[in-house]
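K.L.:
The file below is work-v6.txt, compact mmCIF, C-alpha atoms:
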# COMPACT_ATOMS: atom_id res chain seq x y z
CA MET A 4 84.35 77.21 80.55
CA THR A 5 87.52 78.48 78.84
CA VAL A 6 86.24 82.03 78.52
CA ARG A 7 85.24 82.13 82.18
CA LEU A 8 88.66 80.82 83.19
CA ILE A 9 90.39 83.45 81.09
CA HIS A 10 88.17 86.09 82.71
CA SER A 11 89.33 84.78 86.10
CA VAL A 12 92.97 85.07 85.03
CA VAL A 13 92.43 88.63 83.78
CA GLY A 14 90.76 89.45 87.11
CA LEU A 15 93.78 88.01 88.91
CA ALA A 16 96.15 90.18 86.85
CA ILE A 17 94.07 93.29 87.64
CA THR A 18 94.09 92.38 91.36
CA SER A 19 97.87 92.03 91.19
CA ALA A 20 98.16 95.46 89.59
CA ILE A 21 95.96 96.99 92.33
CA VAL A 22 98.03 95.26 95.04
CA SER A 23 101.24 96.58 93.48
CA VAL A 24 99.86 100.14 93.50
CA LEU A 25 98.96 99.74 97.17
CA MET A 26 102.46 98.42 97.90
CA TYR A 27 103.96 101.45 96.18
CA ARG A 28 101.76 103.78 98.22
CA LEU A 29 102.89 101.99 101.38
CA GLY A 30 106.52 102.85 100.69
CA SER A 31 107.65 99.53 99.18
CA PRO A 32 108.60 100.33 95.56
CA LEU A 33 110.84 97.30 94.99
CA ALA A 34 108.20 94.82 96.11
CA ALA A 35 105.65 96.71 93.98
CA VAL A 36 107.82 96.36 90.87
CA PHE A 37 108.25 92.64 91.53
CA GLU A 38 104.53 92.23 92.07
CA LEU A 39 103.66 94.13 88.89
CA SER A 40 106.16 92.45 86.60
CA VAL A 41 105.94 88.91 87.93
CA CYS A 42 102.48 88.43 89.44
CA SER A 43 100.68 90.66 86.98
CA GLY A 44 102.72 89.69 83.92
CA LEU A 45 104.33 86.28 84.16
CA ILE A 46 101.84 84.29 86.21
CA PRO A 47 98.82 85.07 83.95
CA VAL A 48 100.93 83.84 81.03
CA ILE A 49 101.54 80.55 82.90
CA PHE A 50 97.82 80.26 83.65
CA ILE A 51 96.76 80.98 80.07
CA THR A 52 99.30 78.44 78.76
CA THR A 53 97.89 75.82 81.14
CA ILE A 54 94.32 76.67 80.12
CA SER A 55 95.15 76.50 76.42
CA PHE A 56 96.71 73.06 76.93
CA THR A 57 93.85 71.68 78.97
CA GLN A 58 90.74 73.19 77.35
CA ARG A 59 90.21 72.50 73.67
CA VAL A 60 88.08 74.88 71.57
CA SER A 61 87.38 74.48 67.85
CA LYS A 62 88.58 77.16 65.42
CA GLU A 63 85.05 77.97 64.26
CA ARG A 64 83.89 78.49 67.86
CA LEU A 65 86.97 80.67 68.50
CA ARG A 66 86.17 82.85 65.48
CA GLN A 67 82.57 83.18 66.57
CA ARG A 68 83.65 84.23 70.09
CA ARG A 69 86.02 86.83 68.65
CA ARG A 70 83.18 88.31 66.59
CA GLU A 71 80.89 88.38 69.63
CA ARG A 72 83.59 90.05 71.73
CA LEU A 73 84.24 92.70 69.10
CA ALA A 74 80.53 93.45 68.84
CA LYS A 75 80.26 93.64 72.62
CA PHE A 76 83.21 95.97 73.15
CA LEU A 77 82.87 98.12 70.05
CA TYR A 78 81.65 101.16 71.97
CA LEU A 79 83.79 100.58 75.06
CA PRO A 80 86.59 103.09 74.19
CA LEU A 81 84.02 105.83 73.54
CA ILE A 82 82.22 105.06 76.82
CA LEU A 83 85.53 105.10 78.73
CA ILE A 84 86.59 108.44 77.23
CA ALA A 85 83.17 109.98 78.00
CA ALA A 86 83.29 108.64 81.57
CA TRP A 87 86.81 109.98 82.08
CA LEU A 88 85.86 113.43 80.76
CA THR A 89 82.75 113.54 82.96
CA LEU A 90 84.58 112.40 86.07
CA SER A 91 87.50 114.78 85.56
CA HIS A 92 85.11 117.68 85.01
CA PHE A 93 82.66 117.11 87.87
CA LEU A 94 84.58 115.22 90.50
CA LYS A 95 87.58 116.56 92.33
CA ILE A 96 89.12 113.51 93.96
CA PRO A 97 91.31 114.58 96.90
CA GLN A 98 94.87 113.27 96.84
CA VAL A 99 95.55 111.40 100.07
CA ASP A 100 99.17 111.68 101.13
CA LEU A 101 100.26 108.83 103.34
CA PRO A 102 102.75 109.71 106.07
CA ILE A 103 106.32 108.78 105.19
CA PRO A 104 107.32 105.71 107.21
CA TYR A 105 110.36 105.54 109.42
CA CYS A 106 113.26 104.56 107.17
CA GLY A 107 115.41 101.80 108.59
CA PRO A 108 118.21 100.18 106.61
CA ASP A 109 117.94 100.22 102.83
CA VAL A 110 116.22 97.27 101.18
CA ARG A 111 119.43 96.37 99.31
CA VAL A 112 121.36 96.23 102.58
CA MET A 113 118.56 94.20 104.11
CA LEU A 114 118.33 91.74 101.20
CA TRP A 115 122.03 91.23 100.50
CA GLY A 116 123.31 91.67 104.06
CA LEU A 117 120.94 90.83 106.87
CA ARG A 118 118.69 88.38 104.97
CA ARG A 119 121.41 86.64 102.99
CA LEU A 120 120.12 83.23 104.03
CA ASP A 121 116.82 84.05 102.31
CA LEU A 122 118.69 84.42 99.02
CA LEU A 123 120.17 80.95 99.50
CA GLY A 124 116.68 79.64 100.16
CA GLN A 125 115.41 81.36 96.98
CA VAL A 126 118.13 79.70 94.92
CA VAL A 127 117.27 76.29 96.42
CA ILE A 128 113.56 76.82 95.73
CA LEU A 129 114.23 77.92 92.14
CA LEU A 130 116.39 74.83 91.57
CA THR A 131 113.62 72.68 93.07
CA GLY A 132 111.16 74.23 90.62
CA VAL A 133 113.50 73.70 87.66
CA PHE A 134 114.08 70.04 88.57
CA GLY A 135 110.34 69.58 89.16
CA VAL A 136 109.55 70.88 85.67
CA VAL A 137 112.35 68.77 84.15
CA ILE A 138 110.96 65.63 85.83
CA LEU A 139 107.38 66.49 84.86
CA PHE A 140 108.17 67.03 81.19
CA LYS A 141 110.85 64.35 80.83
CA GLU A 142 110.49 62.11 77.77
CA PRO A 143 109.95 58.47 78.81
CA ASP A 144 112.71 56.02 77.84
CA LYS A 145 111.75 53.81 74.93
CA MET B 22 98.94 104.39 116.88
CA SER B 23 97.45 107.70 115.70
CA VAL B 24 93.86 108.05 114.50
CA PHE B 25 94.99 108.40 110.88
CA THR B 26 97.14 105.28 111.11
CA ALA B 27 94.27 103.34 112.68
CA GLN B 28 91.90 104.41 109.87
CA LEU B 29 94.50 103.50 107.26
CA PHE B 30 95.00 100.14 108.92
CA ASN B 31 91.23 99.51 108.91
CA HIS B 32 90.88 100.29 105.19
CA PHE B 33 93.73 98.04 104.21
CA VAL B 34 92.60 95.25 106.52
CA ILE B 35 89.13 95.31 104.95
CA PHE B 36 90.69 94.90 101.50
CA ILE B 37 92.95 92.10 102.77
CA ILE B 38 90.01 90.29 104.36
CA LEU B 39 88.06 90.58 101.08
CA LEU B 40 91.01 89.05 99.24
CA LEU B 41 91.23 86.22 101.80
CA ILE B 42 87.50 85.47 101.52
CA THR B 43 87.72 85.47 97.70
CA GLY B 44 90.69 83.09 97.74
CA VAL B 45 89.09 80.66 100.20
CA TYR B 46 85.83 80.78 98.20
CA CYS B 47 87.70 79.99 94.97
CA ILE B 48 89.43 77.01 96.55
CA LEU B 49 86.41 75.58 98.36
CA VAL B 50 83.62 76.12 95.85
CA SER B 51 85.23 75.60 92.44
CA PHE B 52 85.66 72.14 90.93
CA ASN B 53 88.42 73.16 88.58
CA LEU B 54 92.10 72.83 89.42
CA VAL B 55 93.08 76.01 87.52
CA ARG B 56 90.55 78.03 89.48
CA ALA B 57 91.74 76.50 92.75
CA LEU B 58 95.25 77.62 91.80
CA ILE B 59 93.93 81.14 91.14
CA GLY B 60 92.38 81.05 94.63
CA LEU B 61 95.74 80.09 96.12
CA GLU B 62 97.35 82.96 94.25
CA ILE B 63 94.78 85.42 95.66
CA LEU B 64 95.46 84.11 99.18
CA ILE B 65 99.22 84.65 98.70
CA LYS B 66 98.50 88.18 97.49
CA ALA B 67 96.51 88.94 100.64
CA VAL B 68 99.39 87.69 102.79
CA THR B 69 101.99 89.77 100.91
CA LEU B 70 99.87 92.91 101.28
CA LEU B 71 99.46 92.19 105.00
CA ILE B 72 103.24 91.86 105.41
CA ILE B 73 103.83 95.15 103.56
CA LEU B 74 101.21 96.88 105.73
CA ALA B 75 102.79 95.50 108.90
CA GLY B 76 106.21 96.70 107.72
CA TYR B 77 104.81 100.15 106.97
CA LEU B 78 103.13 100.47 110.36
CA CYS B 79 106.22 99.24 112.24
CA GLY B 80 108.59 101.35 110.14
CA ARG B 81 110.43 98.33 108.74
CA THR B 82 109.59 98.53 105.06
CA ALA B 83 112.97 97.15 104.00
CA LEU B 84 112.49 93.95 105.96
CA ALA B 85 108.93 93.60 104.66
CA GLN B 86 110.11 94.05 101.07
CA ALA B 87 112.83 91.44 101.49
CA ILE B 88 110.29 88.93 102.83
CA VAL B 89 107.78 89.75 100.07
CA ILE B 90 110.41 89.24 97.36
CA THR B 91 111.13 85.79 98.82
CA ILE B 92 107.40 85.01 98.87
CA ILE B 93 107.04 86.08 95.21
CA VAL B 94 109.88 83.74 94.18
CA ILE B 95 108.23 80.85 96.05
CA GLU B 96 104.90 81.77 94.42
CA ILE B 97 106.33 81.55 90.90
CA VAL B 98 107.84 78.13 91.55
CA ILE B 99 104.55 76.86 93.02
CA MET B 100 102.57 78.14 90.03
CA VAL B 101 104.92 76.68 87.42
CA VAL B 102 105.10 73.24 89.06
CA ALA B 103 101.35 73.17 89.76
CA GLY B 104 100.66 74.17 86.13
CA GLY B 105 102.78 71.22 84.98
CA VAL B 106 100.97 68.86 87.35
CA ILE B 107 97.58 70.08 86.06
CA PHE B 108 98.76 69.59 82.48
CA TRP B 109 99.74 65.97 83.12
CA ALA B 110 96.61 65.32 85.14
CA PHE B 111 94.61 66.46 82.12
CA LYS B 112 96.71 64.43 79.71
CA TYR B 113 96.18 61.17 81.60
CA ASN B 114 92.63 61.67 82.86
CA LYS B 115 91.15 64.03 80.22
CA THR B 116 89.69 66.19 82.99
CA ILE B 117 90.82 68.71 85.61
CA ASP B 118 87.77 68.21 87.78
CA PRO B 119 89.17 67.00 91.15
CA ARG B 120 86.05 64.86 91.75
CA ARG B 121 86.99 62.70 88.76
CA LEU B 122 90.69 62.37 89.57
CA SER B 123 90.33 59.15 91.53
CA ASN B 124 93.28 57.09 90.31
CA LEU B 125 94.99 57.12 93.71
CA ARG B 126 91.86 56.21 95.65
CA GLY B 127 92.54 53.14 97.77
Kindly return the structure encoded in the file as structure tokens.
P.N.:
Amino acid sequence: MTVRLIHSVVGLAITSAIVSVLMYRLGSPLAAVFELSVCSGLIPVIFITTISFTQRVSKERLRQRRRERLAKFLYLPLILIAAWLTLSHFLKIPQVDLPIPYCGPDVRVMLWGLRRLDLLGQVVILLTGVFGVVILFKEPDK
Amino acid sequence: MSVFTAQLFNHFVIFIILLLITGVYCILVSFNLVRALIGLEILIKAVTLLIILAGYLCGRTALAQAIVITIIVIEIVIMVVAGGVIFWAFKYNKTIDPRRLSNLRG
């Protein structure tokens, strides 16, 4: 179960990376950076921490899985390099240029000026999360 | 809307619908709280991509980015608090299968 869950988390991180590339192509670089750093970096760490707390695996089983994984992916770098060479030699993938969107106000002006109330909401939500975690992990009084 | 924009919209909408179906499937079919949380995360991702696409098509990318940044902040808080709740649910019940979490059943 643990391995399948970790595969799911890795799949989620890859999906986040793909979504961030799409955001960048759609003319939203700041949102893409947030998506890549937070959703593809931080949230998988939270998930893996939760999984490691909730699913117990013995050390012997862990070692055996590591050996199996190494045996399974031993030839993977060679296969990837061969595939890349073949694709770059035979396939000419056309570069699709998306039309540049109409540029309204800058995102900094929008975030700090017009949507200032959103920032207040973000601070409130972050504080709510911090207090939620503090209450969840509070030591009981003896 | 030009033909190119309509085609672009169709491609992105297909990807967004796939993400939505995957997220709903994760939440409905899986009996594991961590996987349900992953499904929720995929659903949020579909919504953020839809907002960015709408901003691109309307020419308001700045507004879309501001909204998406707010959504990402909310997403982090949800994930951290839900991770803590799952941890304590496991600690008290020794399972994260929602069918066996029946302490609050009346």
K.L.:
Once you count all atoms listed in the file, what closest atom pair and distance in Å to one decimal does each residue of chain A within 9 Å of chain B have, with rows by chain and rising residue number, as a Markdown table?
P.N.:
| residue | atom | partner | partner_atom | distance |
| --- | --- | --- | --- | --- |
| A:Leu8 | CA | B:Arg56 | CA | 7.1 |
| A:Ser11 | CA | B:Arg56 | CA | 7.6 |
| A:Val12 | CA | B:Ile59 | CA | 7.3 |
| A:Leu15 | CA | B:Ile59 | CA | 7.2 |
| A:Thr18 | CA | B:Ile63 | CA | 8.2 |
| A:Ser19 | CA | B:Lys66 | CA | 7.4 |
| A:Val22 | CA | B:Leu70 | CA | 6.9 |
| A:Ser23 | CA | B:Leu70 | CA | 8.7 |
| A:Leu25 | CA | B:Leu70 | CA | 8.0 |
| A:Met26 | CA | B:Ile73 | CA | 6.7 |
| A:Leu29 | CA | B:Tyr77 | CA | 6.2 |
| A:Gly30 | CA | B:Thr82 | CA | 6.9 |
| A:Ser31 | CA | B:Thr82 | CA | 6.3 |
| A:Pro32 | CA | B:Gln86 | CA | 8.5 |
| A:Leu33 | CA | B:Gln86 | CA | 6.9 |
| A:Ala34 | CA | B:Gln86 | CA | 5.4 |
| A:Ala35 | CA | B:Gln86 | CA | 8.8 |
| A:Phe37 | CA | B:Ile90 | CA | 7.1 |
| A:Glu38 | CA | B:Ile93 | CA | 7.3 |
| A:Val41 | CA | B:Ile93 | CA | 7.9 |
| A:Cys42 | CA | B:Ile93 | CA | 7.7 |
| A:Leu45 | CA | B:Ile97 | CA | 8.5 |
| A:Ile46 | CA | B:Ile97 | CA | 7.0 |
| A:Ile49 | CA | B:Val101 | CA | 6.8 |
| A:Phe50 | CA | B:Gly104 | CA | 7.2 |
| A:Thr52 | CA | B:Gly104 | CA | 8.6 |
| A:Thr53 | CA | B:Gly104 | CA | 5.9 |
| A:Ile54 | CA | B:Val55 | CA | 7.5 |
| A:Phe56 | CA | B:Phe108 | CA | 6.9 |
| A:Thr57 | CA | B:Phe111 | CA | 6.1 |
| A:Leu101 | CA | B:Leu29 | CA | 8.8 |
| A:Pro102 | CA | B:Thr26 | CA | 8.7 |
| A:Ile103 | CA | B:Tyr77 | CA | 8.9 |
| A:Pro104 | CA | B:Gly80 | CA | 5.4 |
| A:Tyr105 | CA | B:Gly80 | CA | 4.6 |
| A:Cys106 | CA | B:Gly80 | CA | 6.4 |
| A:Gly107 | CA | B:Arg81 | CA | 6.1 |
| A:Pro108 | CA | B:Ala83 | CA | 6.6 |
| A:Asp109 | CA | B:Ala83 | CA | 6.0 |
| A:Val110 | CA | B:Ala83 | CA | 4.3 |
| A:Arg111 | CA | B:Ala83 | CA | 8.0 |
| A:Val112 | CA | B:Ala83 | CA | 8.6 |
| A:Met113 | CA | B:Ala83 | CA | 6.3 |
| A:Leu114 | CA | B:Ala87 | CA | 5.5 |
| A:Arg118 | CA | B:Ala87 | CA | 7.5 |
| A:Asp121 | CA | B:Thr91 | CA | 6.9 |
| A:Leu122 | CA | B:Thr91 | CA | 7.7 |
| A:Gly124 | CA | B:Thr91 | CA | 8.4 |
| A:Gln125 | CA | B:Thr91 | CA | 6.4 |
| A:Ile128 | CA | B:Ile95 | CA | 6.7 |
| A:Leu129 | CA | B:Val98 | CA | 6.4 |
| A:Thr131 | CA | B:Val98 | CA | 8.1 |
| A:Gly132 | CA | B:Val98 | CA | 5.2 |
| A:Val133 | CA | B:Val98 | CA | 8.2 |
| A:Gly135 | CA | B:Val102 | CA | 6.4 |
| A:Val136 | CA | B:Val102 | CA | 6.1 |
| A:Leu139 | CA | B:Gly105 | CA | 6.6 |
| A:Phe140 | CA | B:Gly105 | CA | 7.8 |
K.L.:
Produce a file of the selected residues containing C-alpha atoms, as an mmCIF file, in the coordinates of the input.
P.N.:
data_model
loop_
_atom_site.group_PDB
_atom_site.id
_atom_site.type_symbol
_atom_site.label_atom_id
_atom_site.label_comp_id
_atom_site.auth_asym_id
_atom_site.auth_seq_id
_atom_site.Cartn_x
_atom_site.Cartn_y
_atom_site.Cartn_z
ATOM 1 C CA LEU A 8 88.660 80.820 83.190
ATOM 2 C CA SER A 11 89.330 84.780 86.100
ATOM 3 C CA VAL A 12 92.970 85.070 85.030
ATOM 4 C CA LEU A 15 93.780 88.010 88.910
ATOM 5 C CA THR A 18 94.090 92.380 91.360
ATOM 6 C CA SER A 19 97.870 92.030 91.190
ATOM 7 C CA VAL A 22 98.030 95.260 95.040
ATOM 8 C CA SER A 23 101.240 96.580 93.480
ATOM 9 C CA LEU A 25 98.960 99.740 97.170
ATOM 10 C CA MET A 26 102.460 98.420 97.900
ATOM 11 C CA LEU A 29 102.890 101.990 101.380
ATOM 12 C CA GLY A 30 106.520 102.850 100.690
ATOM 13 C CA SER A 31 107.650 99.530 99.180
ATOM 14 C CA PRO A 32 108.600 100.330 95.560
ATOM 15 C CA LEU A 33 110.840 97.300 94.990
ATOM 16 C CA ALA A 34 108.200 94.820 96.110
ATOM 17 C CA ALA A 35 105.650 96.710 93.980
ATOM 18 C CA PHE A 37 108.250 92.640 91.530
ATOM 19 C CA GLU A 38 104.530 92.230 92.070
ATOM 20 C CA VAL A 41 105.940 88.910 87.930
ATOM 21 C CA CYS A 42 102.480 88.430 89.440
ATOM 22 C CA LEU A 45 104.330 86.280 84.160
ATOM 23 C CA ILE A 46 101.840 84.290 86.210
ATOM 24 C CA ILE A 49 101.540 80.550 82.900
ATOM 25 C CA PHE A 50 97.820 80.260 83.650
ATOM 26 C CA THR A 52 99.300 78.440 78.760
ATOM 27 C CA THR A 53 97.890 75.820 81.140
ATOM 28 C CA ILE A 54 94.320 76.670 80.120
ATOM 29 C CA PHE A 56 96.710 73.060 76.930
ATOM 30 C CA THR A 57 93.850 71.680 78.970
ATOM 31 C CA LEU A 101 100.260 108.830 103.340
ATOM 32 C CA PRO A 102 102.750 109.710 106.070
ATOM 33 C CA ILE A 103 106.320 108.780 105.190
ATOM 34 C CA PRO A 104 107.320 105.710 107.210
ATOM 35 C CA TYR A 105 110.360 105.540 109.420
ATOM 36 C CA CYS A 106 113.260 104.560 107.170
ATOM 37 C CA GLY A 107 115.410 101.800 108.590
ATOM 38 C CA PRO A 108 118.210 100.180 106.610
ATOM 39 C CA ASP A 109 117.940 100.220 102.830
ATOM 40 C CA VAL A 110 116.220 97.270 101.180
ATOM 41 C CA ARG A 111 119.430 96.370 99.310
ATOM 42 C CA VAL A 112 121.360 96.230 102.580
ATOM 43 C CA MET A 113 118.560 94.200 104.110
ATOM 44 C CA LEU A 114 118.330 91.740 101.200
ATOM 45 C CA ARG A 118 118.690 88.380 104.970
ATOM 46 C CA ASP A 121 116.820 84.050 102.310
ATOM 47 C CA LEU A 122 118.690 84.420 99.020
ATOM 48 C CA GLY A 124 116.680 79.640 100.160
ATOM 49 C CA GLN A 125 115.410 81.360 96.980
ATOM 50 C CA ILE A 128 113.560 76.820 95.730
ATOM 51 C CA LEU A 129 114.230 77.920 92.140
ATOM 52 C CA THR A 131 113.620 72.680 93.070
ATOM 53 C CA GLY A 132 111.160 74.230 90.620
ATOM 54 C CA VAL A 133 113.500 73.700 87.660
ATOM 55 C CA GLY A 135 110.340 69.580 89.160
ATOM 56 C CA VAL A 136 109.550 70.880 85.670
ATOM 57 C CA LEU A 139 107.380 66.490 84.860
ATOM 58 C CA PHE A 140 108.170 67.030 81.190
#
K.L.:
Give the answer as one residue: which of B:Ile72, B:Leu54, B:Leu61, B:Ala27 has the shortest atom-to-atom distance to Asp118 of chain B, using all atoms listed in the file?
P.N.:
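Of all the options, B:Leu54 lies closest to Asp118 of chain B.
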K.L.:
Give me, please, the distance in Å between atom CA of Ser55 of chain A and atom CA of Ile9 of chain A, quoted to one decimal.
P.N.:
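Taking atom CA of Ser55 of chain A and atom CA of Ile9 of chain A, their separation equals 9.6 Å.
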K.L.:
What is the distance, in Å and to one decimal place, between atom CA of Leu64 of chain B and atom CA of His32 of chain B?
P.N.:
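Going from atom CA of Leu64 of chain B over to atom CA of His32 of chain B covers 17.9 Å.
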K.L.:
Padding 5 Å on each side, edges along x, y and z: where is the centre of the box around the listed atoms of segment 75-83 of chain A, and how long are its edges in Å to one decimal? Output it as JSON.
P.N.:
{"center_x": 83.4, "center_y": 99.7, "center_z": 74.4, "size_x": 16.3, "size_y": 22.2, "size_z": 18.7}
K.L.:
Just the number, please: distance in Å from atom CA of Leu130 of chain A to atom CA of Ala16 of chain A, one decimal.
P.N.:
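Here the two named atoms are 25.8 Å from each other.
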